[in-house]
Amino acid sequence: MAKRYHVKQTAAPLRRAQLQSAWGLLLLFVALLALPLGCREEASNDTAPVVEAEPRMVAAAPAEAEGPVPQEAAAPAPQEVEAPAPKIVLAKTVHDFGEIGPGTAQNARFEFKNEGNAPLKITQVRSCCGVVTRGVKAGQVYAPGESGALELDYRASTQPGSMTRNLYIQSNDPKLSTASMTIKATIVPRIRYEPARLKLFTNADNAGAKDIVLTSLDGRPFSVKGFRATAGALKADFDPTVEATRIVLKPKADVERLRRNNRGRIRIDLTHPECQSVSLLYDVLSEFTVDHEQIMLFNLQAGQTVKREVWVMSNYQKEFEIESVSSQKGTVKLVDQRKQDSRYGLTLEITPPPVESDRAVMSDVVEVKIKGGTTLSIACRGFYQGK
């Protein structure tokens with residue numbers, strides 16, 4: 001029994017020694033694993049040996065360039081190529097004649113150039129009244145770099161004042177299809193004439209016509225080369241070879257023609273360089289007048305008579321008699337007349353005829369004949385009901 005116990009006592013210490021040995025190996029292995037980290041921690045201990053870690057190779061970062069880092073250049077966008085096109089360019093757009101005389105002839109010139117890279121085609125040329133253009137017309141074509149000129153003639157009005165006229169050139173220029181130009185001027189009288197209007201009377205000697213005095217306002221001498229009046233009712237003698245800064249004309253009246261033309265115009269042609277003519281109006285106070293030179297009627301019905309009253313008067317307060325009253329188409333007749341001082345009141349009866357057209361309008365002329373030869377006319381016009 002004692003022998004068996006001894007064996008058990010020697011086996012137990014052996015087993016403990018083996019376990020201690022195994023734990024020692026395990027601790028050594030763990031210590032080896034922790035060695036790199038323990039080197040750094042022990043570097044601060046003065047008593048422990050310093051273990052330097054091997055240097056690690058680290059790639060250096062590239063130095064930053066001054067300013068923004070250039071990015072990769074983007075590919076340029078494709079540019080649109082403009083199609084060839086014409087281009088009209090005017091050297092000027094306004095021409096000012098300045099002060100000009102009435103009735104004078106003026107001319108101007110507007111130059112232009114095709115500064116495009118395609119042919120310039122003119123499609124239309126437009127101008128205002130009193131202006132005649134030449135040199136450019138529809139259908140003309142101007143090559144790139146080629147020049148042209150629109151020429152014009154202008155006849156000034158006989159009336160003084162400011163003038164402005166516009167002209168246009170239309171073309172196939174895509175950006176300026178209509179090029180506009182302007183001419184302007186100030187029309188200033190060069191000849192003064194007096195009286196400005198003639199007042200005439202059929203019962204006066206020579207119809208009461210006064211002398212016509214022409215005076216040069218700019219001091220340049222002139223002569224008279226023509227004298228004309230409506231229907232030849234007035235005439236005047238003149239010498240076209242005589243030049244002066246003041247000329248007096250003595251009109252001669254034809255009373256019978258004045259009775260038939262109680263309003264008209266006189267034109268006097270001159271040689272003044274800036275006033276080729278002057279014109280003045282004349283009025284004739286006729287012996288007789290009517291208070292209504294025209295009768296207007298509305299809502300007429302065929303066959304239904306309408307009455308109107310008119311007065312015939314003597315402008316010279318003379319006694320007179322009415323010889324007859326009639327109408328050209330027979331739709332108007334005199335139904336009553338009465339005299340009051342130097343005038344007559346006439347009652348007219350108008351009978352509309354049947355409608356003959358889609359317009360449904362009637363017209364007639366009443367003729368009042370004064371004893372002694374003078375005949376007065378009254379226009380009569382009417383519109384039918386519902387038309």
# chains A, B, ... in the order shown; residues from 1 in each chain; ligands from 1

$ residues_around --residues "Gln337 in chain A" --least-positions-apart "2" --cutoff "7 Å" --atoms "only C-alpha atoms" --output "PyMOL selection string"
chain A and resi 339+344-347

$ write_last_selection --atoms "C-alpha atoms" --output "short mmCIF file (atom, residue, chain, number, x, y, z; two decimals), in the first residue's frame"
data_model
loop_
_atom_site.label_atom_id
_atom_site.label_comp_id
_atom_site.auth_asym_id
_atom_site.auth_seq_id
_atom_site.Cartn_x
_atom_site.Cartn_y
_atom_site.Cartn_z
CA LYS A 339 -91.17 138.45 -103.46
CA TYR A 344 -87.67 135.71 -104.00
CA GLY A 345 -88.88 132.75 -101.96
CA LEU A 346 -89.53 129.65 -104.08
CA THR A 347 -91.52 126.59 -102.94
#

$ residues_around --residues "Phe110 in chain A" --least-positions-apart "4" --cutoff "10 Å" --atoms "only C-alpha atoms" --output "MDAnalysis selection string"
chainID A and resid 90:95 148:152 181:182

$ residues_around --residues "Val132 in chain A" --least-positions-apart "5" --cutoff "12 Å" --atoms "only C-alpha atoms" --output "list in words"
Ala105, Gln106, Asn107, Ala108, Arg109, Val125, Arg126, Ser127, Lys137, Leu150, Glu151, Leu152, Asp153, Tyr154, Arg155, Arg165, Asn166 and Leu167 of chain A

$ closest_residue --among "A:Lys307, A:Ala360, A:Leu285, A:Gln79" --to "Ala204 in chain A" --atoms "only C-alpha atoms"
A:Leu285

$ closest_atom_pairs --of "range 236-313 of chain A" --to "range 214-222 of chain A" --cutoff "9 Å" --atoms "only C-alpha atoms" --output "tab-separated table"
residue	atom	partner	partner_atom	distance
A:Val242	CA	A:Phe222	CA	8.0
A:Glu243	CA	A:Phe222	CA	4.9
A:Ala244	CA	A:Pro221	CA	4.6
A:Thr245	CA	A:Pro221	CA	4.4
A:Arg246	CA	A:Thr215	CA	4.5
A:Ile247	CA	A:Leu214	CA	5.2
A:Val248	CA	A:Leu214	CA	6.3
A:Leu249	CA	A:Leu214	CA	8.1
A:Leu270	CA	A:Phe222	CA	6.7
A:Thr271	CA	A:Phe222	CA	5.3
A:His272	CA	A:Phe222	CA	4.8
A:Pro273	CA	A:Phe222	CA	8.2

$ write_last_selection --atoms "N, CA and C atoms" --output "PDB file, in the first residue's frame"
ATOM      1  N   VAL A 242     -38.402 142.836-119.642  1.00  0.00           N
ATOM      2  CA  VAL A 242     -38.133 143.804-118.579  1.00  0.00           C
ATOM      3  C   VAL A 242     -37.907 143.056-117.265  1.00  0.00           C
ATOM      4  N   GLU A 243     -36.736 143.284-116.646  1.00  0.00           N
ATOM      5  CA  GLU A 243     -36.422 142.709-115.343  1.00  0.00           C
ATOM      6  C   GLU A 243     -36.425 143.807-114.290  1.00  0.00           C
ATOM      7  N   ALA A 244     -36.948 143.454-113.115  1.00  0.00           N
ATOM      8  CA  ALA A 244     -36.992 144.425-112.019  1.00  0.00           C
ATOM      9  C   ALA A 244     -37.204 143.666-110.719  1.00  0.00           C
ATOM     10  N   THR A 245     -37.026 144.375-109.610  1.00  0.00           N
ATOM     11  CA  THR A 245     -37.303 143.766-108.307  1.00  0.00           C
ATOM     12  C   THR A 245     -38.732 144.052-107.868  1.00  0.00           C
ATOM     13  N   ARG A 246     -39.455 144.870-108.646  1.00  0.00           N
ATOM     14  CA  ARG A 246     -40.866 145.164-108.369  1.00  0.00           C
ATOM     15  C   ARG A 246     -41.579 145.386-109.696  1.00  0.00           C
ATOM     16  N   ILE A 247     -42.661 144.596-109.884  1.00  0.00           N
ATOM     17  CA  ILE A 247     -43.423 144.682-111.133  1.00  0.00           C
ATOM     18  C   ILE A 247     -44.902 144.805-110.787  1.00  0.00           C
ATOM     19  N   VAL A 248     -45.605 145.692-111.508  1.00  0.00           N
ATOM     20  CA  VAL A 248     -47.033 145.917-111.298  1.00  0.00           C
ATOM     21  C   VAL A 248     -47.793 145.443-112.525  1.00  0.00           C
ATOM     22  N   LEU A 249     -48.796 144.559-112.297  1.00  0.00           N
ATOM     23  CA  LEU A 249     -49.654 144.061-113.373  1.00  0.00           C
ATOM     24  C   LEU A 249     -51.059 144.622-113.196  1.00  0.00           C
ATOM     25  N   LEU A 270     -42.747 133.363-113.688  1.00  0.00           N
ATOM     26  CA  LEU A 270     -41.664 134.312-113.469  1.00  0.00           C
ATOM     27  C   LEU A 270     -40.317 133.708-113.855  1.00  0.00           C
ATOM     28  N   THR A 271     -39.295 134.575-113.952  1.00  0.00           N
ATOM     29  CA  THR A 271     -37.926 134.120-114.255  1.00  0.00           C
ATOM     30  C   THR A 271     -37.032 134.141-113.025  1.00  0.00           C
ATOM     31  N   HIS A 272     -37.574 134.420-111.864  1.00  0.00           N
ATOM     32  CA  HIS A 272     -36.757 134.419-110.645  1.00  0.00           C
ATOM     33  C   HIS A 272     -36.166 133.018-110.452  1.00  0.00           C
ATOM     34  N   PRO A 273     -34.853 132.901-110.143  1.00  0.00           N
ATOM     35  CA  PRO A 273     -34.228 131.573-110.055  1.00  0.00           C
ATOM     36  C   PRO A 273     -34.804 130.669-108.970  1.00  0.00           C
TER      37      PRO A 273
END

$ decode --residues "range 238-387 of chain A" --atoms "C-alpha atoms" --output "PDB file, in the first residue's frame"
ATOM      1  CA  PHE A 238     -46.520 142.407-119.547  1.00  0.00           C
ATOM      2  CA  ASP A 239     -43.114 142.698-121.190  1.00  0.00           C
ATOM      3  CA  PRO A 240     -41.035 139.506-120.707  1.00  0.00           C
ATOM      4  CA  THR A 241     -37.809 141.379-121.481  1.00  0.00           C
ATOM      5  CA  VAL A 242     -38.133 143.804-118.579  1.00  0.00           C
ATOM      6  CA  GLU A 243     -36.422 142.709-115.343  1.00  0.00           C
ATOM      7  CA  ALA A 244     -36.992 144.425-112.019  1.00  0.00           C
ATOM      8  CA  THR A 245     -37.303 143.766-108.307  1.00  0.00           C
ATOM      9  CA  ARG A 246     -40.866 145.164-108.369  1.00  0.00           C
ATOM     10  CA  ILE A 247     -43.423 144.682-111.133  1.00  0.00           C
ATOM     11  CA  VAL A 248     -47.033 145.917-111.298  1.00  0.00           C
ATOM     12  CA  LEU A 249     -49.654 144.061-113.373  1.00  0.00           C
ATOM     13  CA  LYS A 250     -53.046 145.525-114.280  1.00  0.00           C
ATOM     14  CA  PRO A 251     -55.633 142.726-114.742  1.00  0.00           C
ATOM     15  CA  LYS A 252     -58.422 143.140-117.312  1.00  0.00           C
ATOM     16  CA  ALA A 253     -61.690 141.362-116.473  1.00  0.00           C
ATOM     17  CA  ASP A 254     -64.124 139.658-118.841  1.00  0.00           C
ATOM     18  CA  VAL A 255     -67.357 140.156-116.894  1.00  0.00           C
ATOM     19  CA  GLU A 256     -69.387 137.629-118.874  1.00  0.00           C
ATOM     20  CA  ARG A 257     -66.824 134.910-118.231  1.00  0.00           C
ATOM     21  CA  LEU A 258     -66.625 135.887-114.573  1.00  0.00           C
ATOM     22  CA  ARG A 259     -70.391 135.395-114.268  1.00  0.00           C
ATOM     23  CA  ARG A 260     -69.920 131.800-115.400  1.00  0.00           C
ATOM     24  CA  ASN A 261     -66.781 131.289-113.293  1.00  0.00           C
ATOM     25  CA  ASN A 262     -67.266 133.147-110.021  1.00  0.00           C
ATOM     26  CA  ARG A 263     -64.272 131.358-108.450  1.00  0.00           C
ATOM     27  CA  GLY A 264     -60.913 130.729-110.040  1.00  0.00           C
ATOM     28  CA  ARG A 265     -57.143 130.950-109.941  1.00  0.00           C
ATOM     29  CA  ILE A 266     -54.515 133.208-111.501  1.00  0.00           C
ATOM     30  CA  ARG A 267     -51.031 131.819-112.275  1.00  0.00           C
ATOM     31  CA  ILE A 268     -48.155 134.181-113.012  1.00  0.00           C
ATOM     32  CA  ASP A 269     -44.956 132.641-114.419  1.00  0.00           C
ATOM     33  CA  LEU A 270     -41.664 134.312-113.469  1.00  0.00           C
ATOM     34  CA  THR A 271     -37.926 134.120-114.255  1.00  0.00           C
ATOM     35  CA  HIS A 272     -36.757 134.419-110.645  1.00  0.00           C
ATOM     36  CA  PRO A 273     -34.228 131.573-110.055  1.00  0.00           C
ATOM     37  CA  GLU A 274     -35.986 130.417-106.876  1.00  0.00           C
ATOM     38  CA  CYS A 275     -39.583 131.303-107.672  1.00  0.00           C
ATOM     39  CA  GLN A 276     -40.782 130.126-111.047  1.00  0.00           C
ATOM     40  CA  SER A 277     -44.414 131.070-110.491  1.00  0.00           C
ATOM     41  CA  VAL A 278     -46.957 132.454-108.054  1.00  0.00           C
ATOM     42  CA  SER A 279     -50.686 131.796-107.946  1.00  0.00           C
ATOM     43  CA  LEU A 280     -53.542 133.613-106.282  1.00  0.00           C
ATOM     44  CA  LEU A 281     -57.267 132.959-106.059  1.00  0.00           C
ATOM     45  CA  TYR A 282     -60.098 135.225-107.085  1.00  0.00           C
ATOM     46  CA  ASP A 283     -63.734 135.318-105.985  1.00  0.00           C
ATOM     47  CA  VAL A 284     -66.567 136.990-107.829  1.00  0.00           C
ATOM     48  CA  LEU A 285     -69.515 138.326-105.909  1.00  0.00           C
ATOM     49  CA  SER A 286     -72.152 137.294-108.381  1.00  0.00           C
ATOM     50  CA  GLU A 287     -75.277 139.349-108.985  1.00  0.00           C
ATOM     51  CA  PHE A 288     -77.541 136.607-107.630  1.00  0.00           C
ATOM     52  CA  THR A 289     -77.168 133.736-105.219  1.00  0.00           C
ATOM     53  CA  VAL A 290     -79.389 131.060-103.644  1.00  0.00           C
ATOM     54  CA  ASP A 291     -79.331 130.181 -99.961  1.00  0.00           C
ATOM     55  CA  HIS A 292     -79.141 126.433-100.785  1.00  0.00           C
ATOM     56  CA  GLU A 293     -76.884 125.390-103.640  1.00  0.00           C
ATOM     57  CA  GLN A 294     -77.802 121.754-102.901  1.00  0.00           C
ATOM     58  CA  ILE A 295     -80.950 120.028-101.607  1.00  0.00           C
ATOM     59  CA  MET A 296     -80.483 116.700 -99.764  1.00  0.00           C
ATOM     60  CA  LEU A 297     -83.460 114.358 -99.159  1.00  0.00           C
ATOM     61  CA  PHE A 298     -83.767 111.119 -97.125  1.00  0.00           C
ATOM     62  CA  ASN A 299     -86.315 108.306 -96.649  1.00  0.00           C
ATOM     63  CA  LEU A 300     -87.958 108.961 -99.992  1.00  0.00           C
ATOM     64  CA  GLN A 301     -90.802 106.886-101.342  1.00  0.00           C
ATOM     65  CA  ALA A 302     -91.496 106.645-105.050  1.00  0.00           C
ATOM     66  CA  GLY A 303     -94.347 108.969-106.077  1.00  0.00           C
ATOM     67  CA  GLN A 304     -94.618 110.635-102.631  1.00  0.00           C
ATOM     68  CA  THR A 305     -93.962 114.366-103.060  1.00  0.00           C
ATOM     69  CA  VAL A 306     -91.677 116.390-100.798  1.00  0.00           C
ATOM     70  CA  LYS A 307     -91.656 120.193-100.523  1.00  0.00           C
ATOM     71  CA  ARG A 308     -88.636 122.426 -99.982  1.00  0.00           C
ATOM     72  CA  GLU A 309     -88.186 126.222 -99.941  1.00  0.00           C
ATOM     73  CA  VAL A 310     -85.222 128.163-101.332  1.00  0.00           C
ATOM     74  CA  TRP A 311     -84.435 131.870-101.535  1.00  0.00           C
ATOM     75  CA  VAL A 312     -82.946 133.704-104.520  1.00  0.00           C
ATOM     76  CA  MET A 313     -81.206 137.001-103.635  1.00  0.00           C
ATOM     77  CA  SER A 314     -79.622 139.974-105.376  1.00  0.00           C
ATOM     78  CA  ASN A 315     -76.156 140.715-103.966  1.00  0.00           C
ATOM     79  CA  TYR A 316     -76.255 144.241-105.347  1.00  0.00           C
ATOM     80  CA  GLN A 317     -79.712 145.072-103.960  1.00  0.00           C
ATOM     81  CA  LYS A 318     -81.151 145.401-107.462  1.00  0.00           C
ATOM     82  CA  GLU A 319     -84.708 144.691-108.517  1.00  0.00           C
ATOM     83  CA  PHE A 320     -85.074 141.537-110.640  1.00  0.00           C
ATOM     84  CA  GLU A 321     -87.627 139.024-111.883  1.00  0.00           C
ATOM     85  CA  ILE A 322     -87.552 135.248-112.135  1.00  0.00           C
ATOM     86  CA  GLU A 323     -88.292 134.147-115.643  1.00  0.00           C
ATOM     87  CA  SER A 324     -88.604 130.352-115.095  1.00  0.00           C
ATOM     88  CA  VAL A 325     -87.932 127.427-112.746  1.00  0.00           C
ATOM     89  CA  SER A 326     -87.438 123.916-114.134  1.00  0.00           C
ATOM     90  CA  SER A 327     -85.538 120.678-113.559  1.00  0.00           C
ATOM     91  CA  GLN A 328     -83.440 118.655-115.983  1.00  0.00           C
ATOM     92  CA  LYS A 329     -85.264 115.358-115.266  1.00  0.00           C
ATOM     93  CA  GLY A 330     -88.700 116.777-114.546  1.00  0.00           C
ATOM     94  CA  THR A 331     -88.904 115.574-110.933  1.00  0.00           C
ATOM     95  CA  VAL A 332     -88.984 119.129-109.483  1.00  0.00           C
ATOM     96  CA  LYS A 333     -91.517 121.873-110.174  1.00  0.00           C
ATOM     97  CA  LEU A 334     -92.320 125.321-108.814  1.00  0.00           C
ATOM     98  CA  VAL A 335     -95.597 125.439-106.862  1.00  0.00           C
ATOM     99  CA  ASP A 336     -95.296 128.902-105.286  1.00  0.00           C
ATOM    100  CA  GLN A 337     -93.142 132.038-105.276  1.00  0.00           C
ATOM    101  CA  ARG A 338     -93.245 135.275-103.322  1.00  0.00           C
ATOM    102  CA  LYS A 339     -91.171 138.450-103.459  1.00  0.00           C
ATOM    103  CA  GLN A 340     -89.683 140.142-100.408  1.00  0.00           C
ATOM    104  CA  ASP A 341     -87.553 143.244-100.999  1.00  0.00           C
ATOM    105  CA  SER A 342     -84.720 142.211-103.355  1.00  0.00           C
ATOM    106  CA  ARG A 343     -85.238 138.448-103.028  1.00  0.00           C
ATOM    107  CA  TYR A 344     -87.671 135.711-103.996  1.00  0.00           C
ATOM    108  CA  GLY A 345     -88.879 132.746-101.959  1.00  0.00           C
ATOM    109  CA  LEU A 346     -89.532 129.647-104.084  1.00  0.00           C
ATOM    110  CA  THR A 347     -91.523 126.591-102.938  1.00  0.00           C
ATOM    111  CA  LEU A 348     -90.442 123.495-104.836  1.00  0.00           C
ATOM    112  CA  GLU A 349     -92.286 120.184-105.057  1.00  0.00           C
ATOM    113  CA  ILE A 350     -90.111 117.106-105.598  1.00  0.00           C
ATOM    114  CA  THR A 351     -91.668 113.827-106.756  1.00  0.00           C
ATOM    115  CA  PRO A 352     -89.261 110.843-106.499  1.00  0.00           C
ATOM    116  CA  PRO A 353     -89.467 108.550-109.528  1.00  0.00           C
ATOM    117  CA  PRO A 354     -89.639 104.708-109.218  1.00  0.00           C
ATOM    118  CA  VAL A 355     -86.439 103.042-108.062  1.00  0.00           C
ATOM    119  CA  GLU A 356     -84.402 101.972-111.079  1.00  0.00           C
ATOM    120  CA  SER A 357     -81.229 100.523-109.527  1.00  0.00           C
ATOM    121  CA  ASP A 358     -79.881  98.810-106.436  1.00  0.00           C
ATOM    122  CA  ARG A 359     -78.407 102.113-105.250  1.00  0.00           C
ATOM    123  CA  ALA A 360     -81.897 103.600-104.842  1.00  0.00           C
ATOM    124  CA  VAL A 361     -80.672 107.169-105.244  1.00  0.00           C
ATOM    125  CA  MET A 362     -82.375 109.976-107.135  1.00  0.00           C
ATOM    126  CA  SER A 363     -80.702 113.113-108.500  1.00  0.00           C
ATOM    127  CA  ASP A 364     -81.771 116.125-110.474  1.00  0.00           C
ATOM    128  CA  VAL A 365     -80.736 119.747-111.137  1.00  0.00           C
ATOM    129  CA  VAL A 366     -83.091 122.678-110.648  1.00  0.00           C
ATOM    130  CA  GLU A 367     -82.450 125.674-112.929  1.00  0.00           C
ATOM    131  CA  VAL A 368     -83.630 129.131-111.911  1.00  0.00           C
ATOM    132  CA  LYS A 369     -83.452 131.604-114.810  1.00  0.00           C
ATOM    133  CA  ILE A 370     -83.290 135.306-113.981  1.00  0.00           C
ATOM    134  CA  LYS A 371     -84.773 137.676-116.531  1.00  0.00           C
ATOM    135  CA  GLY A 372     -81.788 139.195-118.300  1.00  0.00           C
ATOM    136  CA  GLY A 373     -79.814 135.990-118.938  1.00  0.00           C
ATOM    137  CA  THR A 374     -78.369 134.770-115.599  1.00  0.00           C
ATOM    138  CA  THR A 375     -79.200 131.146-114.676  1.00  0.00           C
ATOM    139  CA  LEU A 376     -78.696 129.678-111.206  1.00  0.00           C
ATOM    140  CA  SER A 377     -78.362 125.925-110.600  1.00  0.00           C
ATOM    141  CA  ILE A 378     -79.490 123.953-107.522  1.00  0.00           C
ATOM    142  CA  ALA A 379     -78.441 120.298-107.177  1.00  0.00           C
ATOM    143  CA  CYS A 380     -81.112 117.938-105.791  1.00  0.00           C
ATOM    144  CA  ARG A 381     -80.135 114.517-104.410  1.00  0.00           C
ATOM    145  CA  GLY A 382     -82.168 112.000-102.398  1.00  0.00           C
ATOM    146  CA  PHE A 383     -82.091 108.479-100.894  1.00  0.00           C
ATOM    147  CA  TYR A 384     -85.054 106.119-100.805  1.00  0.00           C
ATOM    148  CA  GLN A 385     -86.492 104.709 -97.585  1.00  0.00           C
ATOM    149  CA  GLY A 386     -84.804 101.547 -96.299  1.00  0.00           C
ATOM    150  CA  LYS A 387     -81.873 101.905 -98.688  1.00  0.00           C
TER     151      LYS A 387
END
